[in-house]
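*Asks:* If it helps, the file is called upload_12.cif and holds mmCIF, C-alpha atoms:
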```
data_coords
#
loop_
_atom_site.group_PDB
_atom_site.id
_atom_site.type_symbol
_atom_site.label_atom_id
_atom_site.label_comp_id
_atom_site.auth_asym_id
_atom_site.auth_seq_id
_atom_site.Cartn_x
_atom_site.Cartn_y
_atom_site.Cartn_z
ATOM 1 C CA MET J 155 -22.408 4.815 11.162
ATOM 2 C CA ASN J 156 -22.694 1.049 10.744
ATOM 3 C CA LYS J 157 -21.347 -0.042 7.406
ATOM 4 C CA PRO J 158 -22.842 -3.243 5.937
ATOM 5 C CA LYS J 159 -20.553 -6.231 5.973
ATOM 6 C CA THR J 160 -19.840 -6.553 2.280
ATOM 7 C CA PHE J 161 -17.497 -9.491 2.689
ATOM 8 C CA GLY J 162 -17.390 -12.310 5.217
ATOM 9 C CA PHE J 163 -14.743 -12.682 7.901
ATOM 10 C CA LEU J 164 -12.687 -15.863 8.189
ATOM 11 C CA ALA J 165 -12.360 -17.137 11.728
ATOM 12 C CA ALA J 166 -8.986 -16.301 13.236
ATOM 13 C CA SER J 167 -8.154 -19.974 13.656
ATOM 14 C CA ILE J 168 -8.604 -20.560 9.934
ATOM 15 C CA LEU J 169 -6.455 -17.568 9.059
ATOM 16 C CA THR J 170 -3.624 -18.712 11.268
ATOM 17 C CA VAL J 171 -3.509 -22.458 10.579
ATOM 18 C CA SER J 172 -4.654 -22.966 7.003
ATOM 19 C CA LEU J 173 -4.451 -21.563 3.503
ATOM 20 C CA PHE J 174 -7.375 -19.657 2.083
ATOM 21 C CA THR J 175 -8.295 -20.798 -1.427
ATOM 22 C CA ILE J 176 -10.332 -18.897 -3.960
ATOM 23 C CA GLY J 177 -9.790 -20.430 -7.375
ATOM 24 C CA ILE J 178 -6.116 -21.040 -6.492
ATOM 25 C CA THR J 179 -4.176 -21.201 -3.255
ATOM 26 C CA ALA J 180 -3.266 -17.865 -1.670
ATOM 27 C CA SER J 181 -1.222 -16.805 1.319
ATOM 28 C CA ALA J 182 -3.106 -17.212 4.602
ATOM 29 C CA PHE J 183 -1.745 -14.020 6.115
ATOM 30 C CA HIS J 184 -0.518 -10.912 4.374
ATOM 31 C CA SER J 185 -0.651 -8.167 6.950
ATOM 32 C CA TRP J 186 2.342 -5.833 6.629
ATOM 33 C CA ASN J 187 3.850 -6.439 10.098
ATOM 34 C CA ASN J 188 0.463 -5.535 11.620
ATOM 35 C CA TYR J 189 0.998 -1.895 10.640
ATOM 36 C CA HIS J 190 -2.351 -0.097 10.774
ATOM 37 C CA TRP J 191 -3.938 3.323 11.002
ATOM 38 C CA PHE J 192 -4.866 4.629 14.438
ATOM 39 C CA ARG J 193 -8.653 4.785 14.859
ATOM 40 C CA THR J 194 -11.249 4.301 17.579
ATOM 41 C CA ALA J 195 -14.134 2.968 15.457
ATOM 42 C CA ASN J 196 -14.816 1.064 12.245
ATOM 43 C CA PRO J 197 -15.346 1.899 9.485
ATOM 44 C CA PHE J 198 -12.863 4.744 9.278
ATOM 45 C CA THR J 199 -11.692 6.765 6.266
ATOM 46 C CA VAL J 200 -8.240 7.014 4.725
ATOM 47 C CA ASN J 201 -7.866 10.222 2.729
ATOM 48 C CA LEU J 202 -6.124 9.859 -0.653
ATOM 49 C CA ILE J 203 -4.766 13.211 -1.835
ATOM 50 C CA ASN J 204 -4.809 13.298 -5.617
ATOM 51 C CA THR J 205 -1.898 15.033 -7.345
ATOM 52 C CA VAL J 206 -1.691 12.623 -10.294
ATOM 53 C CA SER J 207 -1.813 13.660 -13.935
ATOM 54 C CA ALA J 208 -4.943 13.136 -16.020
ATOM 55 C CA GLY J 209 -3.814 9.734 -17.299
ATOM 56 C CA TRP J 210 -3.963 8.275 -13.790
ATOM 57 C CA VAL J 211 -7.236 9.754 -12.520
ATOM 58 C CA SER J 212 -9.537 6.913 -13.614
ATOM 59 C CA ASN J 213 -7.110 4.357 -12.136
ATOM 60 C CA LEU J 214 -7.115 6.189 -8.823
ATOM 61 C CA GLU J 215 -10.907 6.430 -8.777
ATOM 62 C CA LEU J 216 -11.298 2.693 -9.436
ATOM 63 C CA ALA J 217 -8.697 1.729 -6.824
ATOM 64 C CA SER J 218 -10.348 3.992 -4.242
ATOM 65 C CA ALA J 219 -13.764 2.484 -4.946
ATOM 66 C CA ASP J 220 -12.348 -1.053 -4.754
ATOM 67 C CA TRP J 221 -10.658 -0.547 -1.390
ATOM 68 C CA SER J 222 -13.748 1.236 -0.041
ATOM 69 C CA ALA J 223 -15.667 -2.010 -0.549
ATOM 70 C CA SER J 224 -14.001 -3.186 2.666
ATOM 71 C CA SER J 225 -16.337 -3.426 5.646
ATOM 72 C CA VAL J 226 -13.786 -1.811 7.989
ATOM 73 C CA LEU J 227 -12.544 1.189 6.037
ATOM 74 C CA ASP J 228 -13.325 3.668 3.284
ATOM 75 C CA THR J 229 -11.050 5.759 1.118
ATOM 76 C CA SER J 230 -11.871 9.263 -0.037
ATOM 77 C CA ILE J 231 -10.172 11.307 -2.758
ATOM 78 C CA THR J 232 -9.412 14.974 -2.239
ATOM 79 C CA ALA J 233 -7.629 17.276 -4.651
ATOM 80 C CA GLY J 234 -4.040 18.202 -3.862
ATOM 81 C CA THR J 235 -3.062 21.838 -3.994
ATOM 82 C CA THR J 236 0.069 21.257 -6.052
ATOM 83 C CA LYS J 237 1.765 18.564 -8.122
ATOM 84 C CA THR J 238 5.188 17.749 -6.743
ATOM 85 C CA ARG J 239 7.904 15.313 -7.782
ATOM 86 C CA ASN J 240 9.099 14.946 -4.188
ATOM 87 C CA CYS J 241 5.653 13.786 -3.019
ATOM 88 C CA LYS J 242 6.226 15.023 0.518
ATOM 89 C CA ALA J 243 3.968 13.175 2.948
ATOM 90 C CA ILE J 244 1.057 14.941 4.642
ATOM 91 C CA GLU J 245 0.035 13.967 8.164
ATOM 92 C CA GLY J 246 -3.092 11.820 8.367
ATOM 93 C CA SER J 247 -3.340 11.180 4.607
ATOM 94 C CA VAL J 248 -1.883 9.241 1.685
ATOM 95 C CA LEU J 249 -0.436 11.498 -1.009
ATOM 96 C CA VAL J 250 -0.642 9.932 -4.493
ATOM 97 C CA CYS J 251 1.884 11.264 -7.042
ATOM 98 C CA ASP J 252 3.274 10.490 -10.478
ATOM 99 C CA SER J 253 6.374 11.802 -12.192
ATOM 100 C CA ASN J 254 9.199 10.774 -14.523
ATOM 101 C CA TYR J 255 11.463 9.405 -11.809
ATOM 102 C CA GLY J 256 13.862 7.840 -14.314
ATOM 103 C CA ALA J 257 14.755 4.385 -15.638
ATOM 104 C CA ASN J 258 15.845 3.263 -12.171
ATOM 105 C CA GLY J 259 14.093 -0.119 -12.134
ATOM 106 C CA TRP J 260 11.041 0.652 -10.007
ATOM 107 C CA LEU J 261 7.467 1.060 -11.226
ATOM 108 C CA GLY J 262 5.900 2.216 -7.987
ATOM 109 C CA LEU J 263 6.690 2.972 -4.348
ATOM 110 C CA ALA J 264 4.461 2.851 -1.293
ATOM 111 C CA THR J 265 5.931 4.544 1.768
ATOM 112 C CA ILE J 266 4.376 4.773 5.202
ATOM 113 C CA TRP J 267 5.486 6.622 8.337
ATOM 114 C CA LEU J 268 4.949 4.871 11.643
ATOM 115 C CA ASP J 269 4.670 5.985 15.230
ATOM 116 C CA SER J 270 4.699 3.054 17.675
ATOM 117 C CA GLY J 271 3.346 0.757 14.951
ATOM 118 C CA HIS J 272 0.568 3.105 13.827
ATOM 119 C CA ILE J 273 0.550 4.511 10.295
ATOM 120 C CA THR J 274 0.495 8.293 10.510
ATOM 121 C CA LYS J 275 0.874 9.211 6.826
ATOM 122 C CA GLY J 276 1.833 7.686 3.512
ATOM 123 C CA THR J 277 2.800 8.316 -0.084
ATOM 124 C CA VAL J 278 2.315 6.473 -3.366
ATOM 125 C CA LYS J 279 4.778 7.228 -6.168
ATOM 126 C CA LEU J 280 4.137 6.118 -9.759
ATOM 127 C CA ASN J 281 7.089 6.157 -12.144
ATOM 128 C CA ASP J 282 5.893 7.625 -15.443
ATOM 129 C CA THR J 283 9.215 6.815 -17.072
ATOM 130 C CA TYR J 284 7.774 3.316 -17.583
ATOM 131 C CA PHE J 285 4.121 4.262 -18.049
ATOM 132 C CA ASN J 286 4.351 7.200 -20.475
ATOM 133 C CA THR J 287 6.645 5.611 -23.061
ATOM 134 C CA SER J 288 4.926 3.998 -26.045
ATOM 135 C CA SER J 289 7.657 1.364 -26.376
ATOM 136 C CA SER J 290 7.437 0.298 -22.719
ATOM 137 C CA SER J 291 5.734 -3.027 -22.004
ATOM 138 C CA TYR J 292 4.400 -1.460 -18.791
ATOM 139 C CA ASN J 293 2.469 1.290 -20.573
ATOM 140 C CA THR J 294 -0.830 -0.650 -20.451
ATOM 141 C CA PRO J 295 -4.092 -0.116 -18.521
ATOM 142 C CA ALA J 296 -3.584 -3.424 -16.686
ATOM 143 C CA TRP J 297 -0.095 -2.574 -15.406
ATOM 144 C CA LYS J 298 -1.170 0.902 -14.321
ATOM 145 C CA GLN J 299 -4.204 -0.396 -12.432
ATOM 146 C CA MET J 300 -2.343 -3.207 -10.701
ATOM 147 C CA VAL J 301 0.532 -1.004 -9.575
ATOM 148 C CA LEU J 302 -1.698 1.768 -8.228
ATOM 149 C CA CYS J 303 -4.107 -0.672 -6.530
ATOM 150 C CA GLN J 304 -1.204 -2.506 -4.886
ATOM 151 C CA GLU J 305 0.558 0.600 -3.645
ATOM 152 C CA ILE J 306 -2.624 1.915 -2.025
ATOM 153 C CA GLY J 307 -3.167 -1.524 -0.469
ATOM 154 C CA HIS J 308 0.278 -1.296 1.127
ATOM 155 C CA THR J 309 -0.584 2.080 2.680
ATOM 156 C CA LEU J 310 -3.628 0.433 4.296
ATOM 157 C CA GLY J 311 -1.413 -2.161 5.998
ATOM 158 C CA LEU J 312 -1.398 -5.035 3.500
ATOM 159 C CA GLY J 313 1.621 -6.942 2.270
ATOM 160 C CA HIS J 314 1.759 -9.205 -0.778
ATOM 161 C CA GLN J 315 -0.285 -12.391 -0.910
ATOM 162 C CA ASP J 316 2.592 -13.965 -2.820
ATOM 163 C CA GLU J 317 6.143 -12.888 -3.690
ATOM 164 C CA ASP J 318 7.111 -15.314 -6.449
ATOM 165 C CA PHE J 319 7.197 -13.252 -9.641
ATOM 166 C CA ASN J 320 6.948 -16.301 -11.931
ATOM 167 C CA ASN J 321 4.167 -18.467 -10.504
ATOM 168 C CA PRO J 322 0.489 -18.361 -11.667
ATOM 169 C CA PRO J 323 -1.360 -15.136 -10.800
ATOM 170 C CA LEU J 324 -3.637 -15.107 -7.748
ATOM 171 C CA GLY J 325 -6.300 -12.745 -9.079
ATOM 172 C CA THR J 326 -5.453 -9.866 -6.742
ATOM 173 C CA CYS J 327 -3.468 -6.655 -7.097
ATOM 174 C CA MET J 328 -1.622 -7.686 -3.918
ATOM 175 C CA ASP J 329 0.118 -10.445 -5.894
ATOM 176 C CA TYR J 330 3.771 -9.799 -6.780
ATOM 177 C CA THR J 331 3.534 -10.944 -10.369
ATOM 178 C CA GLY J 332 4.620 -10.390 -13.948
ATOM 179 C CA ASN J 333 1.059 -10.873 -15.234
ATOM 180 C CA PRO J 334 -1.157 -7.889 -14.367
ATOM 181 C CA GLU J 335 -4.222 -8.823 -16.438
ATOM 182 C CA PRO J 336 -6.024 -10.912 -13.755
ATOM 183 C CA ASN J 337 -4.416 -8.932 -10.913
ATOM 184 C CA GLN J 338 -5.822 -5.424 -11.244
ATOM 185 C CA ARG J 339 -8.163 -5.338 -8.233
ATOM 186 C CA PRO J 340 -8.403 -6.683 -4.660
ATOM 187 C CA ASN J 341 -9.895 -10.112 -4.084
ATOM 188 C CA LEU J 342 -11.951 -11.576 -1.252
ATOM 189 C CA HIS J 343 -8.909 -12.515 0.787
ATOM 190 C CA ASP J 344 -7.639 -8.917 0.772
ATOM 191 C CA TYR J 345 -10.895 -7.720 2.336
ATOM 192 C CA GLU J 346 -10.805 -10.506 4.913
ATOM 193 C CA GLU J 347 -7.226 -9.628 5.801
ATOM 194 C CA LEU J 348 -8.212 -5.984 6.341
ATOM 195 C CA GLU J 349 -10.967 -7.188 8.674
ATOM 196 C CA SER J 350 -8.359 -9.155 10.615
ATOM 197 C CA ILE J 351 -5.903 -6.238 10.796
ATOM 198 C CA TYR J 352 -8.579 -3.806 11.982
ATOM 199 C CA SER J 353 -10.529 -6.213 14.204
ATOM 200 C CA HIS J 354 -9.324 -4.416 17.352
ATOM 201 C CA LEU J 355 -9.923 -0.764 18.196
ATOM 202 C CA ASP J 356 -7.272 1.632 19.489
ATOM 203 C CA GLU J 357 -7.519 3.548 22.717
ATOM 204 C CA PRO J 358 -9.478 6.835 22.523
ATOM 205 C CA LEU J 359 -6.379 9.004 22.899
ATOM 206 C CA PRO J 360 -3.549 8.843 20.318
ATOM 207 C CA PRO J 361 0.032 8.186 21.435
ATOM 208 C CA ALA J 362 1.789 11.103 23.128
ATOM 209 C CA PRO J 363 3.964 13.165 20.750
ATOM 210 C CA PRO J 364 7.676 12.238 20.808
ATOM 211 C CA LYS J 365 10.210 14.413 22.522
ATOM 212 C CA PRO J 366 12.006 16.748 20.097
ATOM 213 C CA GLY J 367 15.672 16.643 19.303
ATOM 214 C CA LYS J 368 16.120 13.017 18.232
ATOM 215 C CA GLY J 369 15.899 11.116 14.973
ATOM 216 C CA ASN J 370 17.482 12.007 11.664
ATOM 217 C CA GLY J 371 14.845 14.572 10.683
ATOM 218 C CA ARG J 372 14.183 13.017 7.275
ATOM 219 C CA ASP J 373 10.551 13.242 6.265
ATOM 220 C CA ASN J 374 10.592 11.988 2.695
ATOM 221 C CA VAL J 375 11.985 9.018 0.813
ATOM 222 C CA GLU J 376 14.068 8.991 -2.340
ATOM 223 C CA SER J 377 15.765 6.109 -4.110
ATOM 224 C CA ALA J 378 19.080 6.690 -2.300
ATOM 225 C CA ASP J 379 17.438 6.990 1.112
ATOM 226 C CA TRP J 380 15.116 4.024 1.556
ATOM 227 C CA GLY J 381 17.124 2.640 4.464
ATOM 228 C CA LYS J 382 17.930 -1.023 5.084
ATOM 229 C CA ALA J 383 16.415 -3.838 3.035
ATOM 230 C CA VAL J 384 14.381 -6.063 5.384
ATOM 231 C CA ARG J 385 12.350 -8.274 3.015
ATOM 232 C CA TYR J 386 13.154 -9.997 -0.273
ATOM 233 C CA SER J 387 11.197 -11.604 -3.114
ATOM 234 C CA ALA J 388 11.389 -15.305 -3.923
ATOM 235 C CA SER J 389 14.125 -14.462 -6.441
ATOM 236 C CA GLY J 390 16.137 -12.567 -3.826
ATOM 237 C CA ARG J 391 15.328 -9.025 -4.902
ATOM 238 C CA PRO J 392 14.805 -6.526 -2.043
ATOM 239 C CA LEU J 393 11.162 -5.487 -1.660
ATOM 240 C CA VAL J 394 10.866 -3.662 1.676
ATOM 241 C CA PHE J 395 13.220 -1.070 3.170
ATOM 242 C CA GLU J 396 13.190 0.491 6.649
ATOM 243 C CA ASN J 397 14.536 3.786 7.933
ATOM 244 C CA ASP J 398 14.691 4.265 11.712
ATOM 245 C CA LEU J 399 13.743 7.882 12.500
ATOM 246 C CA GLY J 400 14.133 7.563 16.270
ATOM 247 C CA ASN J 401 11.614 7.920 19.123
ATOM 248 C CA GLY J 402 9.686 4.843 17.990
ATOM 249 C CA LYS J 403 9.197 6.250 14.497
ATOM 250 C CA LYS J 404 10.019 4.474 11.244
ATOM 251 C CA GLN J 405 9.736 5.098 7.533
ATOM 252 C CA VAL J 406 9.012 1.928 5.525
ATOM 253 C CA THR J 407 8.931 1.537 1.742
ATOM 254 C CA TYR J 408 7.520 -1.216 -0.508
ATOM 255 C CA VAL J 409 8.966 -1.328 -4.043
ATOM 256 C CA ILE J 410 7.416 -2.760 -7.216
ATOM 257 C CA TRP J 411 10.297 -3.533 -9.575
ATOM 258 C CA ALA J 412 10.233 -3.837 -13.327
ATOM 259 C CA GLU J 413 11.231 -7.306 -14.545
#
```
When written as structure tokens, how does the structure in this file appear?

*Replies:*
Amino acid sequence: MNKPKTFGFLAASILTVSLFTIGITASAFHSWNNYHWFRTANPFTVNLINTVSAGWVSNLELASADWSASSVLDTSITAGTTKTRNCKAIEGSVLVCDSNYGANGWLGLATIWLDSGHITKGTVKLNDTYFNTSSSSYNTPAWKQMVLCQEIGHTLGLGHQDEDFNNPPLGTCMDYTGNPEPNQRPNLHDYEELESIYSHLDEPLPPAPPKPGKGNGRDNVESADWGKAVRYSASGRPLVFENDLGNGKKQVTYVIWAE
């Protein structure tokens, strides 16, 4: 199926040597280490498994529709069979979960599992401790939409367009910002970056399965087991953590912190 090109594609030379500006200056490149889903044709579909509570459903539906506006991928929502705090990843899909994970400082987590650089599965965790409390400054529609949109964007292979928490907002949910109001949805540059990430096609056959017996066997991520911090915000706060699982496999987590 040929999907219409909803958004234009910046030439690679422009992406690599200049800044893209739409209203204000944005980062010229925000691929997450070129991590991407294995596929042999575009557009392809990323399945979002919905286990969220009722208060998150409309946010998930809007985020899915927004990311499906990309010319290279779609997202679909399927119902999960059970709601689980652990949010254990499911092969070939992104599991979206919410729970009261505690006042531990993080609003949301996006975790992906990699095999030789290809995303094989992912999870999105939403911390209701901050979103279900009437006194919390994060319990607003704007914060909820920005956090969920951003975490799904990470599972598609996008990083942040900007990582300075205190500068003017960029008008995209992929902005690391303290002002969610203008940053609830993707912008043009996010779609163009997805086109760049998925401009090549993978070989028809997926990578061979790894040999058994190596790696640490961990298949989920919790706050005490994110691995090593490998990327920091402009203020020096750790944003990305990596866990080496052996045999070319990694578990990588993006964190959205409360201020």

*Asks:* List as a Markdown table every residue of stretch 237-309 of chain J that is in contact with stretch 182-196 of chain J, defined as an atom at most 10 Å from one of its atoms (using only C-alpha atoms), together with the nearest atom pair and the distance in Å rounded to one decimal, sorted by chain and then rising number.

*Replies:*
```
| residue | atom | partner | partner_atom | distance |
| --- | --- | --- | --- | --- |
| J:Gly246 | CA | J:Trp191 | CA | 8.9 |
| J:Ile266 | CA | J:Tyr189 | CA | 9.2 |
| J:Trp267 | CA | J:Tyr189 | CA | 9.9 |
| J:Leu268 | CA | J:Tyr189 | CA | 7.9 |
| J:Asp269 | CA | J:Phe192 | CA | 9.7 |
| J:Ser270 | CA | J:Tyr189 | CA | 9.4 |
| J:Gly271 | CA | J:Tyr189 | CA | 5.6 |
| J:His272 | CA | J:His190 | CA | 5.3 |
| J:Ile273 | CA | J:Trp191 | CA | 4.7 |
| J:Thr274 | CA | J:Trp191 | CA | 6.7 |
| J:Lys275 | CA | J:Trp191 | CA | 8.7 |
| J:Gly307 | CA | J:Trp186 | CA | 10.0 |
| J:His308 | CA | J:Trp186 | CA | 7.4 |
| J:Thr309 | CA | J:His190 | CA | 8.6 |
```

*Asks:* Check which residues of stretch 260-357 of chain J sit at most 12 Å from stretch 378-384 of chain J using all atoms listed in the file, and return one row each with the closest pair of atoms and their distance in Å to one decimal, ordered by chain and rising number, as CSV.

*Replies:*
```
residue,atom,partner,partner_atom,distance
J:Leu263,CA,J:Trp380,CA,10.3
J:Ala264,CA,J:Trp380,CA,11.1
J:Thr265,CA,J:Trp380,CA,9.2
J:Ile266,CA,J:Trp380,CA,11.4
```

*Asks:* From the options J:Val211, J:Ala388, J:Ile203, J:Val406, which residue's atoms come nearest to J:Pro295, counting all atoms listed in the file?

*Replies:*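 The answer is J:Val211, which sits nearest to J:Pro295.
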
*Asks:* Please tell me which residues are no farther than 7 Å from (9.1, -1.8, -6.9) in the file, counting only C-alpha atoms, and write them as a list in words.

*Replies:* Trp260, Leu261, Gly262, Leu263, Leu393, Tyr408, Val409, Ile410, Trp411 and Ala412 of chain J

*Asks:* Once the PyMOL selection byres ((chain J and resi 227) around 12) has been applied to the shown file, what residues remain in the selection, as number ranges by chain?

*Replies:* J: 155-160, 190-193, 195-201, 218-226, 228-230, 307, 310-311, 345-346, 348-349, 351-353

*Asks:* Please identify all polymer residues lying at most 10 Å from the point (-1.1, -15.7, -8.2) (file coordinates), using all atoms listed in the file, and present the result as a ChimeraX atom specification.

*Replies:* /J:177-181,315-334,336-337

*Asks:* Go through the shown structure with the PyMOL selection byres ((chain J and resi 285) around 12) and write out the matching residues as a PyMOL selection string.

*Replies:* chain J and resi 207+209-210+252-257+260-262+280-284+286-299+301-302+412

*Asks:* What gap, in Å, lies between atom CA of J:Gln304 and atom CA of J:Asn341?

*Replies:*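 Value for the atom CA of J:Gln304-atom CA of J:Asn341 distance: 11.6 Å.
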
*Asks:* Could you work out how far atom CA of J:Gln338 lies from atom CA of J:Lys404, giving the answer in Å with one decimal?

*Replies:*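 Atom CA of J:Gln338 lies at a distance of 29.2 Å from atom CA of J:Lys404.
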
*Asks:* So what do you get for atom CA of J:Thr232 versus atom CA of J:Leu202, distance-wise?

*Replies:*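 Going from atom CA of J:Thr232 over to atom CA of J:Leu202 covers 6.3 Å.
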